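Visitor: Quick one: this structure, given as structure tokens, is what I'll be asking you about.
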Amino acid sequence: MLIIELIKNLFRRPETVKYPYETEGLNFPERLRALHIIDQESCIGCRKCARACPAYVIEMVPLTEDELEARTEKIKKKKVKPVIDLTACIFCGVCEDVCPTDCLNLTNHIVLPSGDKEELEVGD
Amino acid sequence: MSKRDYTEFNLGPQHPALKEPETFRVVVEGERIVKAEAILGHTHRGIEKVAEQRDYNKALYLAERICGICSFAHNANFARAVEFVADVEVPERAQYLRVLVAELERLHSHMLWLGVLAHEIGFDTFYFLVWNDRELVMDALETLTGNRVNYGMNDIGGVRADLTPDIKGLLMRKLDELGPRLEKIKEIALKNKTVISRTKGVGVISNELARKTCVTGPTARSSGINWDLRRDQPYFAYGDLDFDVKVSTDGDVYSKITLRIEELFESMRIIQQVLEHLPEGRIKTDVRGKLDGSAVSRIEAPRGENFHYVDFRNSKEPYRMKVRAPTYANVVSSVEVLVGHYISDIPVIVAANDPCFSCTDRTLVIDRDTERYQILTAKELRKLSIETTKEEIM
């Protein structure tokens with residue numbers, strides 16, 4: 001039985017995909033919870049995501065002078081913005097669930113390695 | 001025989017045959033084991049204590065991280081315990097979806113175990129075959145929940161993600177593909193000479209020993225104890241589903257292989273039923289505010305009975321959370337059966353119980369003044385708990 005399997009394997013395509021050199025055959029489901037994107041223009045700075053985060057990785061950072069000036073009518077009361085530290089994030093997606101304006105989303109983009117810690121902060 | 005004929009050595013905490021850090025102190029006479037003792041505690045992370053500082057919504061994700069393999073079992077069990085305290089009714093659709101993920105998890109856990117056992121008996125071809133097929137289940141879980149492990153599927157009062165027709169179709173396709181592959185795995189596992197010679201008659205846990213050491217799950221069922229929480233104390237939607245509980249009486253490692261393979265087919269049957277009879281409706285009931293009261297929840301994790309206790313005292317943070325993972329009950333039996341076997345059988349016997357030590361290690365008694373730690377006997381622990389309870393009441 002096993003010998004038949006072994007002979008079949010000789011002519012089979014390898015199951016391993018040589019990621020990241022090849023991406024063919026990889027499938028990233030739509031629901032996959034990976035890199036966050038934050039649309040700061042529609043974020044109202046309500047802090048709900050920071051309060052709900054189970055890993056305490058969302059920090060509400062005060063807006064800079066330029067950012068304060070650039071606020072649109074929709075977000076004129078916004079004083080803080082969320083910044084996510086991906087190094088400690090557990091990718092549970094709770095922040096996405098609680099966001100009232102739907103400005104914080106988890107994408108299925110899984111390529112996150114970086115040599116620079118600042119690159120792993122989303123929202124800045 | 002003089003004392004010099006005995007040799008004592010430590011297997012672990014870092015040993016190629018053991019997947020997680022744990023120590024087995026073994027006394028041998030030549031190649032044969034005379035005495036064995038398990039020393040746990042190397043992966044203690046203090047999860048119960050940390051949970052006391054987080055509200056139940058956040059502690060849910062902490063409970064999920066007690067174990068990487070049966071993460072859903074811990075997560076769902078914690079959610080169920082909190083739901084008991086909050087006295088909410090979970091929608092029927094959510095109950096069915098919980099069964100779906102729990103059974104997919106059982107599939108992947110049993111296949112992972114089979115692969116690890118094949119590796120321990122030195123049959124790596126089989127190991128890769130099983131793990132390759134396991135990827136089908138992992139893909140199904142990833143598509144349904146959004147992650148391969150730590151699914152984040154549960155919420156207090158229901159589930160977070162629904163089953164769409166697209167995902168249902170994909171799950172059906174994956175299961176159709178998995179069925180014949182499992183048949184093939186079964187044939188190899190039950191007929192191969194290597195598997196039989198390394199596992200048949202090895203590590204026999206008799207019915208008497210199983211009862212004495214209070215083993216749970218497939219380990220207990222392979223020793224003739226006909227007990228499965230899914231059937232005997234139905235939770236989630238198991239009461240509505242039709243499935244058999246497989247029992248074997250041999251108690252050796254080979255019977256554990258046959259039993260777990262049978263369980264794989266039963267899990268497939270349950271998943272088919274859930275996909276066909278999934279009721280319509282909501283998937284979540286909201287739970288808000290402070291809670292008061294305590295509750296115990298027990299569910300049948302892939303490895304055995306999983307126990308969660310939570311106590312809320314008019315707060316959102318649990319005053320106390322207690323977890324007992326199945327390995328904690330099963331590891332005692334594997335230590336007892338090691339006696340009389342050869343050193344080379346240690347990995348096989350230990351792996352046969354599907355141990356998960358990161359689940360298990362949560363208790364360590366440290367004297368604050370002398371900074372010494374000690375392992376308490378059952379009598380001492382009982383005495384200590386009576387004293388502490390008295391102090392609290394006074």
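A note on labels: chains of the structure tokens are A, B, ... as shown, every chain counts residues from 1, and ligands are counted from 1 in their shown order.
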Would you pick out the contacts of region 51-55 of chain B at 7 Å or less, using only C-alpha atoms, so that residues sharing its chain but fewer than 2 positions from it are not included, and give the list as a VMD selection string?

Guide: chain B and resid 47 to 49 57 to 59 316 to 320

Visitor: Near Asn108 (chain A), within 7 Å and counting only C-alpha atoms, which residues show up once chain neighbours fewer than 2 positions away are dropped, as a list in words?

Guide: Phe28, Glu30, Leu32, Arg33, Ala34, Leu35, Leu106 and Ile110 of chain A

Visitor: Mind dumping the selected residues with all heavy atoms as an mmCIF file, in the first residue's frame?

Guide:
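Everything below was put into part-v4.cif:
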data_model
loop_
_atom_site.group_PDB
_atom_site.id
_atom_site.type_symbol
_atom_site.label_atom_id
_atom_site.label_comp_id
_atom_site.auth_asym_id
_atom_site.auth_seq_id
_atom_site.Cartn_x
_atom_site.Cartn_y
_atom_site.Cartn_z
ATOM 1 N N PHE A 28 -5.057 32.927 -0.096
ATOM 2 C CA PHE A 28 -5.286 33.752 1.089
ATOM 3 C C PHE A 28 -6.785 34.010 1.209
ATOM 4 O O PHE A 28 -7.318 34.852 0.493
ATOM 5 C CB PHE A 28 -4.543 35.083 0.985
ATOM 6 C CG PHE A 28 -3.066 34.914 0.778
ATOM 7 C CD1 PHE A 28 -2.477 35.254 -0.421
ATOM 8 C CD2 PHE A 28 -2.285 34.387 1.784
ATOM 9 C CE1 PHE A 28 -1.115 35.088 -0.617
ATOM 10 C CE2 PHE A 28 -0.928 34.213 1.606
ATOM 11 C CZ PHE A 28 -0.342 34.562 0.397
ATOM 12 N N GLU A 30 -10.500 35.263 2.165
ATOM 13 C CA GLU A 30 -10.963 36.629 2.375
ATOM 14 C C GLU A 30 -11.022 37.000 3.859
ATOM 15 O O GLU A 30 -10.768 38.113 4.250
ATOM 16 C CB GLU A 30 -12.361 36.754 1.782
ATOM 17 C CG GLU A 30 -12.575 38.032 1.006
ATOM 18 C CD GLU A 30 -13.895 37.960 0.298
ATOM 19 O OE1 GLU A 30 -13.927 37.452 -0.851
ATOM 20 O OE2 GLU A 30 -14.879 38.383 0.896
ATOM 21 N N LEU A 32 -9.129 35.973 6.200
ATOM 22 C CA LEU A 32 -7.831 35.920 6.879
ATOM 23 C C LEU A 32 -7.573 37.230 7.612
ATOM 24 O O LEU A 32 -7.787 38.301 7.067
ATOM 25 C CB LEU A 32 -6.738 35.677 5.836
ATOM 26 C CG LEU A 32 -5.405 35.174 6.329
ATOM 27 C CD1 LEU A 32 -5.557 33.794 6.932
ATOM 28 C CD2 LEU A 32 -4.434 35.105 5.181
ATOM 29 N N ARG A 33 -7.145 37.112 8.860
ATOM 30 C CA ARG A 33 -6.900 38.324 9.643
ATOM 31 C C ARG A 33 -5.404 38.603 9.664
ATOM 32 O O ARG A 33 -4.651 37.927 10.360
ATOM 33 C CB ARG A 33 -7.413 38.151 11.064
ATOM 34 C CG ARG A 33 -8.898 37.858 11.162
ATOM 35 C CD ARG A 33 -9.340 37.868 12.608
ATOM 36 N NE ARG A 33 -8.645 36.872 13.397
ATOM 37 C CZ ARG A 33 -9.118 35.651 13.626
ATOM 38 N NH1 ARG A 33 -10.274 35.293 13.136
ATOM 39 N NH2 ARG A 33 -8.453 34.798 14.371
ATOM 40 N N ALA A 34 -4.982 39.614 8.870
ATOM 41 C CA ALA A 34 -3.556 39.951 8.848
ATOM 42 C C ALA A 34 -3.395 41.472 8.956
ATOM 43 O O ALA A 34 -4.049 42.078 9.794
ATOM 44 C CB ALA A 34 -2.909 39.371 7.611
ATOM 45 N N LEU A 35 -2.577 42.047 8.109
ATOM 46 C CA LEU A 35 -2.213 43.475 8.240
ATOM 47 C C LEU A 35 -3.435 44.405 8.340
ATOM 48 O O LEU A 35 -4.389 44.279 7.582
ATOM 49 C CB LEU A 35 -1.370 43.877 7.028
ATOM 50 C CG LEU A 35 -0.816 45.291 7.041
ATOM 51 C CD1 LEU A 35 0.207 45.465 8.134
ATOM 52 C CD2 LEU A 35 -0.208 45.628 5.701
ATOM 53 N N LEU A 106 -8.959 44.703 8.835
ATOM 54 C CA LEU A 106 -7.876 43.734 8.730
ATOM 55 C C LEU A 106 -7.903 43.154 7.320
ATOM 56 O O LEU A 106 -8.945 42.671 6.875
ATOM 57 C CB LEU A 106 -8.039 42.609 9.765
ATOM 58 C CG LEU A 106 -7.337 42.827 11.105
ATOM 59 C CD1 LEU A 106 -8.040 43.901 11.904
ATOM 60 C CD2 LEU A 106 -7.283 41.550 11.893
ATOM 61 N N ILE A 110 -0.443 39.058 4.280
ATOM 62 C CA ILE A 110 0.275 38.421 5.394
ATOM 63 C C ILE A 110 1.768 38.725 5.428
ATOM 64 O O ILE A 110 2.460 38.305 6.339
ATOM 65 C CB ILE A 110 0.085 36.888 5.372
ATOM 66 C CG1 ILE A 110 0.580 36.293 4.051
ATOM 67 C CG2 ILE A 110 -1.343 36.502 5.646
ATOM 68 C CD1 ILE A 110 0.959 34.852 4.177
#

Visitor: Contacts from chain A to chain B, 10 Å maximum, only C-alpha atoms: show me the residue list as number ranges by chain.

Guide: A: 1-2, 5-6, 15-16, 27-34, 52-56, 90-94, 97, 108

Visitor: Work out how far apart CA of Ser315 (chain B) and CA of Val90 (chain B) are and give it in Å to one decimal.

Guide: 21.5 Å

Visitor: Between CA of Ile283 (chain B) and CA of Arg80 (chain B), measure the distance and give it in Å to one decimal.

Guide: 14.5 Å

Visitor: Give the alpha helix (DSSP H) residues of region 164-264 of chain B, as assigned by DSSP on the backbone, as an NGL selection string.

Guide: :B and (165-191 or 193-199 or 207-212 or 217-221 or 229-232 or 253-264)

Visitor: As a list in words, please: the residues near Lys174 (chain B) (cut-off 8 Å, only C-alpha atoms, same-chain neighbours under 4 positions excluded).

Guide: Leu136, Val137, Ala140, Leu170 and Leu178 of chain B

Visitor: Take the residues from that selection and put them in a file with N, CA, C and O atoms, as a short mmCIF file (atom, residue, chain, number, x, y, z; two decimals), in the first residue's frame.

Guide:
data_model
loop_
_atom_site.label_atom_id
_atom_site.label_comp_id
_atom_site.auth_asym_id
_atom_site.auth_seq_id
_atom_site.Cartn_x
_atom_site.Cartn_y
_atom_site.Cartn_z
N LEU B 136 -5.70 19.95 4.50
CA LEU B 136 -7.06 20.17 4.00
C LEU B 136 -7.95 20.72 5.12
O LEU B 136 -8.73 21.65 4.90
N VAL B 137 -7.80 20.14 6.30
CA VAL B 137 -8.60 20.59 7.45
C VAL B 137 -8.16 21.99 7.86
O VAL B 137 -8.99 22.85 8.17
N ALA B 140 -9.60 24.49 5.58
CA ALA B 140 -11.03 24.67 5.85
C ALA B 140 -11.23 25.58 7.05
O ALA B 140 -12.05 26.50 7.03
N LEU B 170 -17.14 25.13 -0.08
CA LEU B 170 -15.72 24.82 0.02
C LEU B 170 -15.46 23.73 1.06
O LEU B 170 -14.68 22.80 0.84
N LEU B 178 -11.18 14.70 1.68
CA LEU B 178 -10.53 14.11 2.86
C LEU B 178 -10.97 12.66 3.10
O LEU B 178 -10.15 11.85 3.53
#

Visitor: A:Val98, A:Ile84, A:Phe11, A:Leu112: which is nearest Ile37 (chain A), counting only C-alpha atoms?

Guide: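 Checking each of A:Val98, A:Ile84, A:Phe11, A:Leu112 against Ile37 (chain A), counting only C-alpha atoms, the winner is A:Ile84.
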
Visitor: Using DSSP on the backbone coordinates, identify all residues within region 146-301 of chain B classified as strand (DSSP E); present the result as a PyMOL selection string.

Guide: chain B and resi 154-155+158-159+291-301

Visitor: Using only C-alpha atoms, which residue out of A:Glu67, A:Tyr21, A:Val111, A:Pro100 lies closest to Asp124 (chain A)?

Guide: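 Result for the nearest residue to Asp124 (chain A): A:Glu67.
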
Visitor: Using only C-alpha atoms, which protein or nucleic acid residues come within 7 Å of Ala220 (chain B)? Drop anything in the same chain fewer than 5 positions from it, and give the result as a PyMOL selection string.

Guide: chain B and resi 210+215+225

Visitor: Nearest to Tyr235 (chain B) among B:Glu300, B:Glu37, B:Asp155, B:Glu336, with distances taken over only C-alpha atoms: which residue is it?

Guide: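 Nearest to Tyr235 (chain B): B:Glu300.
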